[in-house]
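Undergrad: The structure follows.
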Amino acid sequence: DTGSTGSTGSTSNTGATGSTGNTGFTGDTGSTGSTGSTSNTGATGSTGDTGSTGNTGFTGDTGSTGSTGSTSNTGATGSTGNTSNTGATGSTGDTGSTGNTGFTGDTGSTGSTGATGNPGALTNTHIFVGNAGGVATDVAMSGDATIANTGAVTITNNAVTDAKFRQGIARSVVGVAGNATANTADIQGITDQILRIDGTGTVLAFGSIDLSKAATVGISILPVANGGTGLSSGTSGGILGYTAAGTIASSIALTTNALVIGGGAGATPTPLALGTANQILGMNAGATANEYKTVSVAAPAYALTLTNAANSITIKANVANAVVTGDVTNATNVLANVTGMTFTPGASETWSFEFNIQNGCNNTGGVRYAITFGGTMNAVAVGMRNSVTAQTSAIMKISGTATIAFNTVALATGWTRITGVVVDGGAGTAVQLQFRSNTNGQTSTVYANSYFVARKN
């Protein structure tokens with residue numbers, strides 16, 4: 001059983017270490033006794049001098065493990081003693097000196113090489129070749145080359161096949177690209193290039209060709225079937241046209257500023273003869289060909305004007321006329337346009353006009369007229385006054401100013417005629433007939449089939 005542990009004493013000086021004895025045989029491990037209960041830890045006693053290490057006995061057999069006893073309370077830890085000074089380390093002994101290495105003896109000289117023996121006679125242009133037994137044998141040179149008795153080797157004609165030639169880079173030919181004798185090299189091309197001598201005549205390379213160079217095409221002419229024209233020349237001022245499915249020809253020279261007319265199958269286009277001033281283009285009487293035509297003006301001569309200006313031909317009527325298609329009424333004393341009774345002179349033009357009006361009023365107030373225009377006008381209005389037999393007139397010179405009242409007979413159909421001359425003020429202003437009731441609330445009417453006629457002077 002394990003005894004109680006005493007209190008730890010002060011640590012004494014470490015004594016000298018004794019010599020290590022020989023290691024003994026390991027004894028059998030003895031059986032392990034049962035573990036006793038653990039007692040309280042006592043104070044630690046002082047450490048004694050370390051004795052010499054004895055021989056290690058044989059390791060005994062391992063005994064069976066006993067049951068673990070109950071753990072007792074841990075005793076109080078004793079105070080730690082003072083640490084003593086460490087003793088001085090002894091000096092290391094001197095290492096003995098190494099003995100001297102002996103001298104290496106001299107290498108003896110190599111003996112002289114003996115004279116080469118005579119291989120014996122050799123047939124003219126033959127060579128010695130070691131046979132399977134390792135013996136030099138007189139044989140004739142054969143295969144793709146021959147040898148002369150001077151030692152010169154000659155490759156037999158056509159002996160170097162493609163397989164025996166060196167490899168080259170992809171998409172290349174072997175040659176000399178420069179303009180002088182040199183070692184051959186690979187000349188490589190890229191997509192759609194061809195091998196040709198460049199324009200300087202000094203470089204062989206892949207590239208495009210210049211069809212403008214005579215040396216490129218020689219005397220050949222690219223046919224139509226291959227994308228060419230099949231022509232070596234054409235007419236100056238002409239154009240090309242197909243005269244057959246596979247044939248292109250040059251037309252005759254085209255006239256300056258003339259229109260080009262198709263010639264149909266088998267023919268090239270031709271120019272149309274030029275017309276004269278103020279003619280227009282149209283079809284002939286048989287509708288088989290184009291031609292220029294002169295525009296004629298039928299009687300009366302003032303009915304049409306043809307004007308030729310830059311980029312345009314203007315055809316202008318010199319006559320205007322209109323008919324009122326339905327009754328037009330006005331129940332106020334404010335002027336209103338008579339629908340359709342208007343015309344427009346050209347800028348600064350002089351026109352003569354005549355309005356013939358059938359009119360009436362539902363009461364005795366009557367109808368009053370005015371004309372709007374630009375420029376100057378001299379006109380006179382003449383018409384029925386206050387009975388079917390009475391007439392009156394009025395001068396009209398001011399734009400938009402109403403005349404005296406006409407047809408002041410209630411519910412009677414009368415007439416009024418206005419004639420005059422207008423000189424446009426330069427803006428091409430419309431001339432417009434207007435009317436109103438003399439008395440507000442009475443209804444004045446311009447009847448259908450009233451009309452006007454105007455013409456350029």
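Here's how to read the names in the structure tokens: chain A, B, ... by the order shown, residue numbers from 1 in each chain, ligand numbers from 1 in the order shown.
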Which of range 78-258 of chain A end up as alpha helix (DSSP H) when DSSP is run on this backbone - answer as a list in words?
TA: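 Selecting the alpha helix (DSSP H) positions of range 78-258 of chain A gives Ala214, Ala215, Thr216 and Val217 of chain A.
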Undergrad: Kindly give the distance, in Å, that separates CA of Ala177 in chain A and CA of Ile209 in chain A, rounded to a single decimal.
TA: 16.8 Å
Undergrad: Hey, what's within 9 Å of range 415-423 of chain A if we count only C-alpha atoms and toss same-chain stuff fewer than 2 positions away? As a PyMOL selection string, please?
TA: chain A and resi 345+348-360+373-384+396+406-407+413+425-426+431
Undergrad: Given the selection you just returned, output its residues as a file containing N, CA and C atoms, formatted as a tab-separated table (two decimals), in the first residue's frame.
TA:
```tsv
chain	number	residue	atom	x	y	z
A	345	PRO	N	-56.80	86.10	-109.59
A	345	PRO	CA	-55.84	86.53	-110.62
A	345	PRO	C	-54.42	86.21	-110.17
A	348	SER	N	-50.33	90.83	-109.78
A	348	SER	CA	-50.29	92.03	-110.63
A	348	SER	C	-51.02	91.88	-111.95
A	349	GLU	N	-51.81	90.83	-112.13
A	349	GLU	CA	-52.56	90.66	-113.37
A	349	GLU	C	-53.83	91.52	-113.37
A	350	THR	N	-54.33	91.79	-114.59
A	350	THR	CA	-55.57	92.54	-114.77
A	350	THR	C	-56.63	91.61	-115.34
A	351	TRP	N	-57.78	91.56	-114.69
A	351	TRP	CA	-58.86	90.68	-115.12
A	351	TRP	C	-60.17	91.48	-115.26
A	352	SER	N	-60.96	91.07	-116.26
A	352	SER	CA	-62.33	91.59	-116.42
A	352	SER	C	-63.29	90.54	-115.91
A	353	PHE	N	-64.42	90.96	-115.35
A	353	PHE	CA	-65.34	89.98	-114.79
A	353	PHE	C	-66.78	90.47	-114.96
A	354	GLU	N	-67.69	89.50	-114.80
A	354	GLU	CA	-69.14	89.78	-114.87
A	354	GLU	C	-69.87	88.77	-114.01
A	355	PHE	N	-70.61	89.27	-112.99
A	355	PHE	CA	-71.45	88.43	-112.14
A	355	PHE	C	-72.91	88.63	-112.56
A	356	ASN	N	-73.63	87.56	-112.88
A	356	ASN	CA	-75.05	87.61	-113.21
A	356	ASN	C	-75.80	86.88	-112.11
A	357	ILE	N	-76.59	87.65	-111.33
A	357	ILE	CA	-77.16	87.13	-110.09
A	357	ILE	C	-78.68	87.19	-110.13
A	358	GLN	N	-79.32	86.07	-109.82
A	358	GLN	CA	-80.75	86.05	-109.57
A	358	GLN	C	-80.93	86.10	-108.05
A	359	ASN	N	-81.78	87.04	-107.60
A	359	ASN	CA	-81.87	87.26	-106.16
A	359	ASN	C	-83.28	87.58	-105.73
A	360	GLY	N	-83.47	87.61	-104.40
A	360	GLY	CA	-84.76	87.97	-103.85
A	360	GLY	C	-84.65	88.19	-102.36
A	373	PHE	N	-61.19	92.12	-102.69
A	373	PHE	CA	-60.12	91.94	-103.68
A	373	PHE	C	-58.84	92.52	-103.10
A	374	GLY	N	-57.74	92.38	-103.82
A	374	GLY	CA	-56.48	93.01	-103.48
A	374	GLY	C	-56.04	93.87	-104.67
A	375	GLY	N	-55.66	95.08	-104.44
A	375	GLY	CA	-55.27	95.97	-105.53
A	375	GLY	C	-56.32	97.05	-105.76
A	376	THR	N	-56.67	97.24	-107.03
A	376	THR	CA	-57.69	98.26	-107.37
A	376	THR	C	-58.78	97.63	-108.21
A	377	MET	N	-59.97	98.23	-108.14
A	377	MET	CA	-61.09	97.72	-108.91
A	377	MET	C	-62.02	98.87	-109.29
A	378	ASN	N	-62.55	98.77	-110.49
A	378	ASN	CA	-63.62	99.66	-110.94
A	378	ASN	C	-64.74	98.76	-111.44
A	379	ALA	N	-65.90	98.84	-110.78
A	379	ALA	CA	-67.02	98.00	-111.16
A	379	ALA	C	-68.32	98.79	-110.99
A	380	VAL	N	-69.35	98.30	-111.67
A	380	VAL	CA	-70.67	98.90	-111.57
A	380	VAL	C	-71.68	97.78	-111.41
A	381	ALA	N	-72.61	97.97	-110.49
A	381	ALA	CA	-73.68	97.02	-110.27
A	381	ALA	C	-74.98	97.62	-110.79
A	382	VAL	N	-75.73	96.87	-111.60
A	382	VAL	CA	-76.99	97.31	-112.17
A	382	VAL	C	-78.02	96.25	-111.88
A	383	GLY	N	-79.23	96.67	-111.41
A	383	GLY	CA	-80.23	95.67	-111.12
A	383	GLY	C	-81.58	96.25	-110.79
A	384	MET	N	-82.56	95.36	-110.50
A	384	MET	CA	-83.92	95.76	-110.16
A	384	MET	C	-83.91	96.47	-108.82
A	396	MET	N	-68.79	100.45	-107.57
A	396	MET	CA	-68.08	99.64	-106.57
A	396	MET	C	-66.57	99.81	-106.77
A	406	PHE	N	-80.67	96.25	-103.58
A	406	PHE	CA	-81.35	95.88	-104.81
A	406	PHE	C	-82.52	94.98	-104.47
A	407	ASN	N	-83.52	94.94	-105.37
A	407	ASN	CA	-84.71	94.10	-105.25
A	407	ASN	C	-85.37	94.27	-103.88
A	413	THR	N	-88.59	87.74	-107.43
A	413	THR	CA	-87.30	87.32	-107.97
A	413	THR	C	-86.82	88.38	-108.94
A	425	GLY	N	-53.03	93.54	-106.68
A	425	GLY	CA	-52.03	94.39	-106.03
A	425	GLY	C	-50.66	93.76	-105.92
A	426	GLY	N	-50.43	92.55	-106.50
A	426	GLY	CA	-49.11	91.92	-106.46
A	426	GLY	C	-49.05	90.67	-105.62
A	431	VAL	N	-60.67	87.27	-105.69
A	431	VAL	CA	-61.82	88.17	-105.86
A	431	VAL	C	-63.05	87.38	-105.43
```
Undergrad: Need the shell around Thr332 in chain A: protein/DNA/RNA residues with any atom at most 9 Å away, counting only C-alpha atoms. Skip same-chain ones fewer than 2 positions apart. Format as a list of chain:residue names?
TA: A:Asn330, A:Val334, A:Leu335, A:Arg436, A:Ser437, A:Asn438, A:Thr439, A:Asn440, A:Gly441, A:Gln442, A:Thr443, A:Ser444
Undergrad: When you draw a straight line from CA of Thr344 in chain A to CA of Thr325 in chain A, how long is it in Å?
TA: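 Straight-line distance from CA of Thr344 in chain A to CA of Thr325 in chain A works out to 19.9 Å.
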Undergrad: Pick out the closest residue to Val328 in chain A from this set: A:Asn149, A:Ser450, A:Asn284, A:Thr125. Count only C-alpha atoms.
TA: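 Result for the nearest residue to Val328 in chain A: A:Ser450.
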Undergrad: From the options A:Ile398, A:Leu240, A:Ile404, A:Val388, which residue's atoms come nearest to Tyr369 in chain A, counting only C-alpha atoms?
TA: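 Ranking A:Ile398, A:Leu240, A:Ile404, A:Val388 by distance to Tyr369 in chain A, first place goes to A:Ile404.
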Undergrad: Name all residues at most 7 Å from range 269-279 of chain A (count only C-alpha atoms; drop same-chain ones fewer than 4 positions away) and give them as a PyMOL selection string.
TA: chain A and resi 251-252+254-255+258-263+292-295+308
Undergrad: Output all heavy atoms of each residue in that selection to a file, as a compact mmCIF listing (two decimals), in the first residue's frame.
TA:
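Result saved to part.txt:
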```
# COMPACT_ATOMS: atom_id res chain seq x y z
N SER A 251 -23.59 50.35 -126.56
CA SER A 251 -24.55 51.13 -127.35
C SER A 251 -23.82 52.19 -128.16
O SER A 251 -22.61 52.38 -128.01
CB SER A 251 -25.56 51.80 -126.43
OG SER A 251 -24.95 52.88 -125.73
N ILE A 252 -24.57 52.89 -129.00
CA ILE A 252 -24.00 54.04 -129.69
C ILE A 252 -23.80 55.15 -128.68
O ILE A 252 -24.30 55.08 -127.55
CB ILE A 252 -24.91 54.51 -130.84
CG1 ILE A 252 -26.26 54.98 -130.26
CG2 ILE A 252 -25.12 53.40 -131.85
CD1 ILE A 252 -27.17 55.60 -131.32
N LEU A 254 -24.45 58.24 -126.58
CA LEU A 254 -25.70 58.86 -126.17
C LEU A 254 -25.59 60.37 -126.27
O LEU A 254 -24.59 60.97 -125.88
CB LEU A 254 -26.03 58.46 -124.73
CG LEU A 254 -26.14 56.95 -124.47
CD1 LEU A 254 -26.47 56.69 -123.01
CD2 LEU A 254 -27.18 56.32 -125.37
N THR A 255 -26.64 61.00 -126.80
CA THR A 255 -26.66 62.44 -127.00
C THR A 255 -26.69 63.15 -125.64
O THR A 255 -27.40 62.73 -124.72
CB THR A 255 -27.89 62.85 -127.81
OG1 THR A 255 -27.90 62.10 -129.02
CG2 THR A 255 -27.87 64.33 -128.13
N ALA A 258 -29.97 63.95 -123.53
CA ALA A 258 -31.08 63.23 -124.14
C ALA A 258 -31.53 62.09 -123.24
O ALA A 258 -30.74 61.54 -122.47
CB ALA A 258 -30.68 62.68 -125.50
N LEU A 259 -32.82 61.75 -123.34
CA LEU A 259 -33.33 60.59 -122.64
C LEU A 259 -32.91 59.32 -123.35
O LEU A 259 -32.72 59.31 -124.57
CB LEU A 259 -34.86 60.66 -122.56
CG LEU A 259 -35.45 61.84 -121.78
CD1 LEU A 259 -36.97 61.78 -121.83
CD2 LEU A 259 -34.96 61.85 -120.35
N VAL A 260 -32.74 58.23 -122.57
CA VAL A 260 -32.34 56.95 -123.13
C VAL A 260 -33.59 56.07 -123.26
O VAL A 260 -34.34 55.90 -122.30
CB VAL A 260 -31.28 56.26 -122.25
CG1 VAL A 260 -30.93 54.89 -122.79
CG2 VAL A 260 -30.04 57.14 -122.17
N ILE A 261 -33.78 55.52 -124.44
CA ILE A 261 -34.95 54.70 -124.72
C ILE A 261 -34.51 53.26 -124.91
O ILE A 261 -33.56 52.98 -125.66
CB ILE A 261 -35.68 55.19 -125.99
CG1 ILE A 261 -36.03 56.68 -125.86
CG2 ILE A 261 -36.93 54.37 -126.23
CD1 ILE A 261 -36.94 57.00 -124.70
N GLY A 262 -35.18 52.32 -124.22
CA GLY A 262 -34.85 50.91 -124.37
C GLY A 262 -35.12 50.42 -125.78
O GLY A 262 -36.10 50.82 -126.43
N GLY A 263 -34.24 49.52 -126.24
CA GLY A 263 -34.38 49.00 -127.61
C GLY A 263 -35.05 47.63 -127.66
O GLY A 263 -35.22 47.07 -128.74
N TYR A 292 -41.35 64.28 -128.42
CA TYR A 292 -41.65 65.57 -127.82
C TYR A 292 -42.78 66.22 -128.59
O TYR A 292 -42.84 66.16 -129.83
CB TYR A 292 -40.41 66.47 -127.83
CG TYR A 292 -39.40 66.07 -126.77
CD1 TYR A 292 -38.33 65.24 -127.08
CD2 TYR A 292 -39.54 66.52 -125.46
CE1 TYR A 292 -37.41 64.88 -126.10
CE2 TYR A 292 -38.62 66.15 -124.48
CZ TYR A 292 -37.57 65.33 -124.81
OH TYR A 292 -36.68 64.97 -123.85
N LYS A 293 -43.69 66.89 -127.86
CA LYS A 293 -44.87 67.49 -128.47
C LYS A 293 -44.93 68.97 -128.13
O LYS A 293 -44.56 69.39 -127.04
CB LYS A 293 -46.15 66.81 -127.96
CG LYS A 293 -46.24 65.32 -128.29
CD LYS A 293 -47.48 64.71 -127.66
CE LYS A 293 -47.61 63.23 -127.98
NZ LYS A 293 -47.89 63.01 -129.41
N THR A 294 -45.45 69.73 -129.07
CA THR A 294 -45.68 71.15 -128.84
C THR A 294 -47.10 71.34 -128.32
O THR A 294 -48.06 70.82 -128.88
CB THR A 294 -45.49 71.94 -130.14
OG1 THR A 294 -44.15 71.77 -130.60
CG2 THR A 294 -45.77 73.42 -129.91
N VAL A 295 -47.23 72.07 -127.21
CA VAL A 295 -48.54 72.33 -126.63
C VAL A 295 -49.19 73.48 -127.38
O VAL A 295 -48.63 74.57 -127.50
CB VAL A 295 -48.42 72.67 -125.13
CG1 VAL A 295 -49.79 72.98 -124.54
CG2 VAL A 295 -47.78 71.52 -124.38
N ASN A 308 -42.55 78.26 -119.18
CA ASN A 308 -41.42 77.36 -118.97
C ASN A 308 -40.44 78.04 -118.02
O ASN A 308 -39.87 79.07 -118.36
CB ASN A 308 -40.75 77.03 -120.30
CG ASN A 308 -39.63 76.02 -120.14
OD1 ASN A 308 -39.43 75.49 -119.07
ND2 ASN A 308 -38.90 75.77 -121.20
```
